[in-house]
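Here is the file final_7.txt (compact mmCIF, C-alpha atoms and all ligand atoms).
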```
# COMPACT_ATOMS: atom_id res chain seq x y z
CA MET A 24 -22.56 6.88 2.98
CA THR A 25 -20.45 4.19 1.31
CA ILE A 26 -22.12 0.85 0.68
CA GLU A 27 -19.39 -1.76 0.36
CA ARG A 28 -19.08 -5.50 0.01
CA THR A 29 -16.67 -7.65 1.98
CA PHE A 30 -15.80 -11.34 1.93
CA SER A 31 -16.33 -13.46 5.04
CA ILE A 32 -15.59 -17.04 6.08
CA ILE A 33 -17.08 -19.00 8.96
CA LYS A 34 -14.07 -21.27 9.56
CA PRO A 35 -13.98 -25.07 10.24
CA ASP A 36 -13.67 -24.67 14.04
CA ALA A 37 -16.94 -22.72 14.03
CA THR A 38 -18.90 -24.97 11.63
CA ALA A 39 -17.75 -27.96 13.75
CA ARG A 40 -19.35 -26.36 16.82
CA ASN A 41 -22.59 -25.60 14.93
CA LEU A 42 -22.09 -21.81 15.23
CA THR A 43 -23.14 -20.73 11.71
CA GLY A 44 -26.54 -19.43 12.83
CA ALA A 45 -25.19 -17.71 15.95
CA ILE A 46 -22.50 -15.92 13.89
CA ASN A 47 -24.99 -14.97 11.16
CA THR A 48 -27.34 -13.47 13.77
CA LEU A 49 -24.54 -11.24 15.08
CA ILE A 50 -23.56 -10.26 11.51
CA GLU A 51 -27.16 -9.25 10.75
CA ASN A 52 -27.59 -7.51 14.12
CA ALA A 53 -24.53 -5.39 13.22
CA GLY A 54 -26.40 -4.12 10.15
CA LEU A 55 -24.60 -6.22 7.56
CA ARG A 56 -26.62 -8.01 4.88
CA ILE A 57 -25.62 -11.53 3.74
CA VAL A 58 -25.97 -11.16 -0.06
CA ALA A 59 -24.25 -14.47 -0.94
CA GLN A 60 -23.56 -17.59 1.08
CA LYS A 61 -22.55 -21.21 0.53
CA ARG A 62 -21.14 -24.08 2.56
CA VAL A 63 -18.11 -25.64 0.87
CA ARG A 64 -14.95 -27.57 1.60
CA TRP A 65 -11.77 -26.12 0.14
CA THR A 66 -9.01 -28.19 -1.48
CA LYS A 67 -5.42 -27.53 -0.39
CA THR A 68 -4.87 -25.76 -3.73
CA GLN A 69 -7.79 -23.38 -3.06
CA ALA A 70 -6.56 -22.64 0.48
CA ARG A 71 -2.98 -22.02 -0.71
CA GLU A 72 -4.19 -19.65 -3.42
CA PHE A 73 -6.56 -17.78 -1.08
CA TYR A 74 -3.83 -17.26 1.55
CA ALA A 75 -0.94 -16.76 -0.95
CA GLU A 76 0.11 -13.52 0.78
CA HIS A 77 1.06 -15.60 3.86
CA LYS A 78 3.02 -18.32 2.04
CA ALA A 79 6.39 -17.33 3.56
CA ARG A 80 4.99 -17.16 7.12
CA PRO A 81 5.79 -19.92 9.65
CA PHE A 82 2.09 -20.64 10.22
CA PHE A 83 1.24 -21.12 6.51
CA ALA A 84 1.19 -24.96 6.48
CA GLU A 85 -0.91 -25.03 9.65
CA LEU A 86 -3.26 -22.42 8.18
CA VAL A 87 -3.81 -24.50 5.01
CA GLU A 88 -4.38 -27.64 7.13
CA THR A 89 -6.88 -25.86 9.38
CA MET A 90 -8.82 -24.25 6.54
CA THR A 91 -9.21 -27.59 4.73
CA SER A 92 -10.00 -29.65 7.86
CA GLY A 93 -13.77 -29.32 7.49
CA PRO A 94 -16.62 -27.37 5.93
CA ILE A 95 -16.53 -23.59 5.78
CA VAL A 96 -19.29 -21.08 5.02
CA VAL A 97 -18.17 -18.42 2.53
CA GLN A 98 -20.18 -15.22 2.33
CA VAL A 99 -20.42 -11.78 0.79
CA LEU A 100 -21.56 -9.16 3.30
CA GLU A 101 -22.93 -5.81 2.20
CA GLY A 102 -23.43 -2.62 4.19
CA GLU A 103 -22.13 0.78 5.13
CA ASP A 104 -18.33 0.58 5.42
CA ALA A 105 -18.73 -3.20 5.37
CA ILE A 106 -14.99 -3.95 5.27
CA ALA A 107 -14.01 -1.98 8.40
CA SER A 108 -17.31 -2.67 10.10
CA TYR A 109 -16.92 -6.46 9.76
CA ARG A 110 -13.26 -6.32 10.88
CA ALA A 111 -14.47 -4.47 14.01
CA LEU A 112 -17.17 -7.08 14.65
CA MET A 113 -14.61 -9.91 14.23
CA GLY A 114 -12.09 -8.53 16.74
CA ALA A 115 -8.35 -9.20 16.98
CA THR A 116 -6.76 -12.25 15.28
CA ASP A 117 -5.80 -13.64 18.72
CA PRO A 118 -8.94 -14.11 20.85
CA ALA A 119 -6.87 -13.27 23.96
CA GLU A 120 -6.60 -9.73 22.54
CA ALA A 121 -10.12 -9.46 21.13
CA LYS A 122 -12.50 -6.95 22.72
CA ARG A 123 -15.71 -7.88 24.48
CA GLY A 124 -18.67 -8.29 22.13
CA THR A 125 -16.55 -9.33 19.14
CA LEU A 126 -17.05 -12.64 17.32
CA ARG A 127 -13.53 -13.83 18.14
CA LYS A 128 -13.88 -12.96 21.84
CA ARG A 129 -17.12 -14.97 21.96
CA PHE A 130 -16.25 -17.92 19.76
CA ALA A 131 -12.54 -18.24 18.87
CA GLU A 132 -10.44 -20.92 20.56
CA SER A 133 -6.95 -19.70 19.58
CA LYS A 134 -5.09 -17.66 16.97
CA GLY A 135 -5.24 -20.58 14.54
CA GLN A 136 -8.81 -21.63 15.37
CA ASN A 137 -10.30 -18.16 15.31
CA SER A 138 -13.75 -18.88 13.85
CA VAL A 139 -14.03 -16.13 11.21
CA HIS A 140 -12.23 -14.35 8.39
CA GLY A 141 -12.98 -10.95 6.90
CA SER A 142 -11.26 -9.05 4.07
CA ASP A 143 -8.75 -6.45 5.27
CA SER A 144 -9.05 -3.92 2.40
CA ALA A 145 -11.11 -3.04 -0.66
CA ALA A 146 -8.53 -4.73 -2.92
CA SER A 147 -8.62 -7.92 -0.79
CA ALA A 148 -12.42 -7.93 -0.76
CA LYS A 149 -12.56 -7.71 -4.55
CA ARG A 150 -9.99 -10.50 -4.99
CA GLU A 151 -11.49 -12.79 -2.34
CA ILE A 152 -15.08 -12.39 -3.61
CA ALA A 153 -13.96 -13.15 -7.18
CA LEU A 154 -12.08 -16.28 -6.01
CA ASN A 155 -15.20 -17.69 -4.32
CA PHE A 156 -18.33 -16.43 -6.10
CA THR A 157 -19.61 -15.81 -9.60
CA THR A 158 -21.46 -12.53 -10.09
CA LYS A 159 -24.74 -14.48 -10.49
CA GLU A 160 -24.35 -15.98 -7.01
CA ILE A 161 -24.38 -12.53 -5.38
CA VAL A 162 -27.91 -11.22 -5.01
CA GLY A 163 -28.01 -7.77 -3.39
P1 LIG A 201 -8.12 -13.37 8.63
O1 LIG A 201 -7.20 -13.10 7.45
O2 LIG A 201 -8.38 -14.85 8.84
O3 LIG A 201 -9.37 -12.56 8.58
O4 LIG A 201 -7.40 -12.93 9.96
P2 LIG A 201 -6.45 -11.71 10.22
O5 LIG A 201 -6.43 -10.77 9.06
O6 LIG A 201 -6.83 -11.19 11.56
O7 LIG A 201 -5.05 -12.44 10.34
P3 LIG A 201 -3.88 -12.64 9.26
O8 LIG A 201 -2.66 -11.99 9.79
O9 LIG A 201 -4.35 -12.29 7.89
O10 LIG A 201 -3.66 -14.22 9.35
C1 LIG A 201 -4.52 -15.10 8.65
C2 LIG A 201 -4.92 -16.24 9.55
O11 LIG A 201 -3.79 -17.04 9.81
C3 LIG A 201 -3.90 -17.61 11.11
N1 LIG A 201 -2.75 -17.26 11.92
N2 LIG A 201 -2.17 -18.12 12.71
N3 LIG A 201 -0.46 -19.37 14.59
C4 LIG A 201 -0.27 -18.09 14.27
O12 LIG A 201 0.62 -17.41 14.76
C5 LIG A 201 -1.17 -17.48 13.31
N4 LIG A 201 -1.13 -16.21 12.90
C6 LIG A 201 -2.14 -16.08 12.01
C7 LIG A 201 -5.14 -17.07 11.76
O13 LIG A 201 -6.19 -18.03 11.64
C8 LIG A 201 -5.44 -15.83 10.94
O14 LIG A 201 -6.80 -15.54 10.98
MG MG A 202 -6.03 -11.43 7.03
```
With the file now loaded, output its structure as structure tokens.
Ligand code: RTP
Ligand code: MG
Amino acid sequence: MTIERTFSIIKPDATARNLTGAINTLIENAGLRIVAQKRVRWTKTQAREFYAEHKARPFFAELVETMTSGPIVVQVLEGEDAIASYRALMGATDPAEAKRGTLRKRFAESKGQNSVHGSDSAASAKREIALNFTTKEIVG
């Protein structure tokens, strides 16, 4: 059994539709524990740094705009195989391709407005948690 931590974001399209509680219920029902959480609004600089790996992609400017368009809820989720398990709960990037029962199938509006983010690897999780939380803010 591997207990891991992953980084999650409830994105502006979801906070705008008052879906924080609904998403958190599904996260907890999936066996993941929310060990850190805060509602914040990112600056453009923060969004550009967070998504630096995508800076050459055609959707980068739109992504930065979207992620700074309103409040987000940043979280650390803990549980068995948390990284893969949360990616499975999220579903495909494009809601048209997301499987039934996933967060993106239920809530996402489009590829750009896709309600949630989750780290894609252990290295990403470590980096993304460190960018958003101090160690004191994570209470396991
Ligand atoms: P995320 O990083 O948000 O968890 O999503 P992901 O791994 O499934 O997707 P990724 O390829 O890392 O892309 C990051 C975010 O950029 C937006 N995107 N828009 N308009 C487009 O073609 C497009 N492609 C990606 C999405 O919001 C995606 O979640
Ligand atoms: Mg990604």
Please determine an axis-aligned box that encloses all atoms of ligand LIG 201 (chain A) listed in the file, with 8 Å added on each side, and express its centre and edge lengths in Å to one decimal as AutoDock Vina command-line options.
```
--center_x -4.4 --center_y -15.1 --center_z 11.1 --size_x 26.0 --size_y 24.6 --size_z 23.3
```
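The residues sitting within 12 Å of ligand MG 202 (chain A), with all atoms listed in the file considered, come out as Phe30, Ser31, Ile32, Phe73, Tyr74, Ala75, Glu76, His77, Leu86, Ile106, Arg110, Met113, Gly114, Ala115, Thr116, Asp117, Lys134, Gly135, Asn137, Val139, His140, Gly141, Ser142, Asp143, Ser144, Ser147, Ala148 and Glu151 of chain A.
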**Report entry** Among the residues A:Glu101, A:Glu132, A:Glu160, A:Glu27, the one that comes closest to ligand LIG 201 (chain A) [using all atoms listed in the file]
**Finding:**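 Going through A:Glu101, A:Glu132, A:Glu160, A:Glu27 one by one, the smallest distance to ligand LIG 201 (chain A) is for A:Glu132.
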**Report entry** Pick from A:Ile50, A:Ala84, A:Ala79, A:Ala111, whichever lies nearest to Lys67 in chain A using all atoms listed in the file
**Finding:**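 Of the candidates, the smallest distance to Lys67 in chain A is held by A:Ala84.
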Query raised in the report: What does the distance from CA of Ile161 in chain A to CA of Gln98 in chain A come to in Å, to one decimal?
Result: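 Taking CA of Ile161 in chain A and CA of Gln98 in chain A, their separation equals 9.2 Å.
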Query raised in the report: CA of Leu100 in chain A and CA of Ala59 in chain A, how far apart in Å?
Result: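 CA of Leu100 in chain A lies at a distance of 7.3 Å from CA of Ala59 in chain A.
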Query - Closest of A:Thr158, A:Thr43, A:Asn52, A:Thr29 to ligand LIG 201 (chain A) - atom-to-atom distances counting all atoms listed in the file - result: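 Selected residue with least distance to ligand LIG 201 (chain A): A:Thr29.
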Requested in this report: Would you mind reading off the distance between CA of Gly163 in chain A and CA of Thr125 in chain A, one decimal, in Å?
Outcome: 25.3 Å
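Residues lying within 6 Å of (-22.8, -3.7, 6.0). Counted over all atoms listed in the file, they are Gly54, Leu55, Arg56, Glu101, Gly102, Glu103 and Ala105 of chain A.
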Query - From A:Ala131, A:Leu42, A:Met24, A:Val63, residue lying nearest ligand LIG 201 (chain A) [all atoms listed in the file] - result: A:Ala131
**Report entry** Nearest-residue call for ligand LIG 201 (chain A), choices A:Lys34, A:Ala53, A:Asn41, A:Lys149, using all atoms listed in the file
**Finding:** A:Lys34
Requested in this report: Using all atoms listed in the file, pick whichever of A:Phe82, A:Trp65, A:Tyr109, A:Phe156 has the shortest atom-to-atom distance to ligand LIG 201 (chain A).
Outcome: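 Ranking A:Phe82, A:Trp65, A:Tyr109, A:Phe156 by distance to ligand LIG 201 (chain A), first place goes to A:Phe82.
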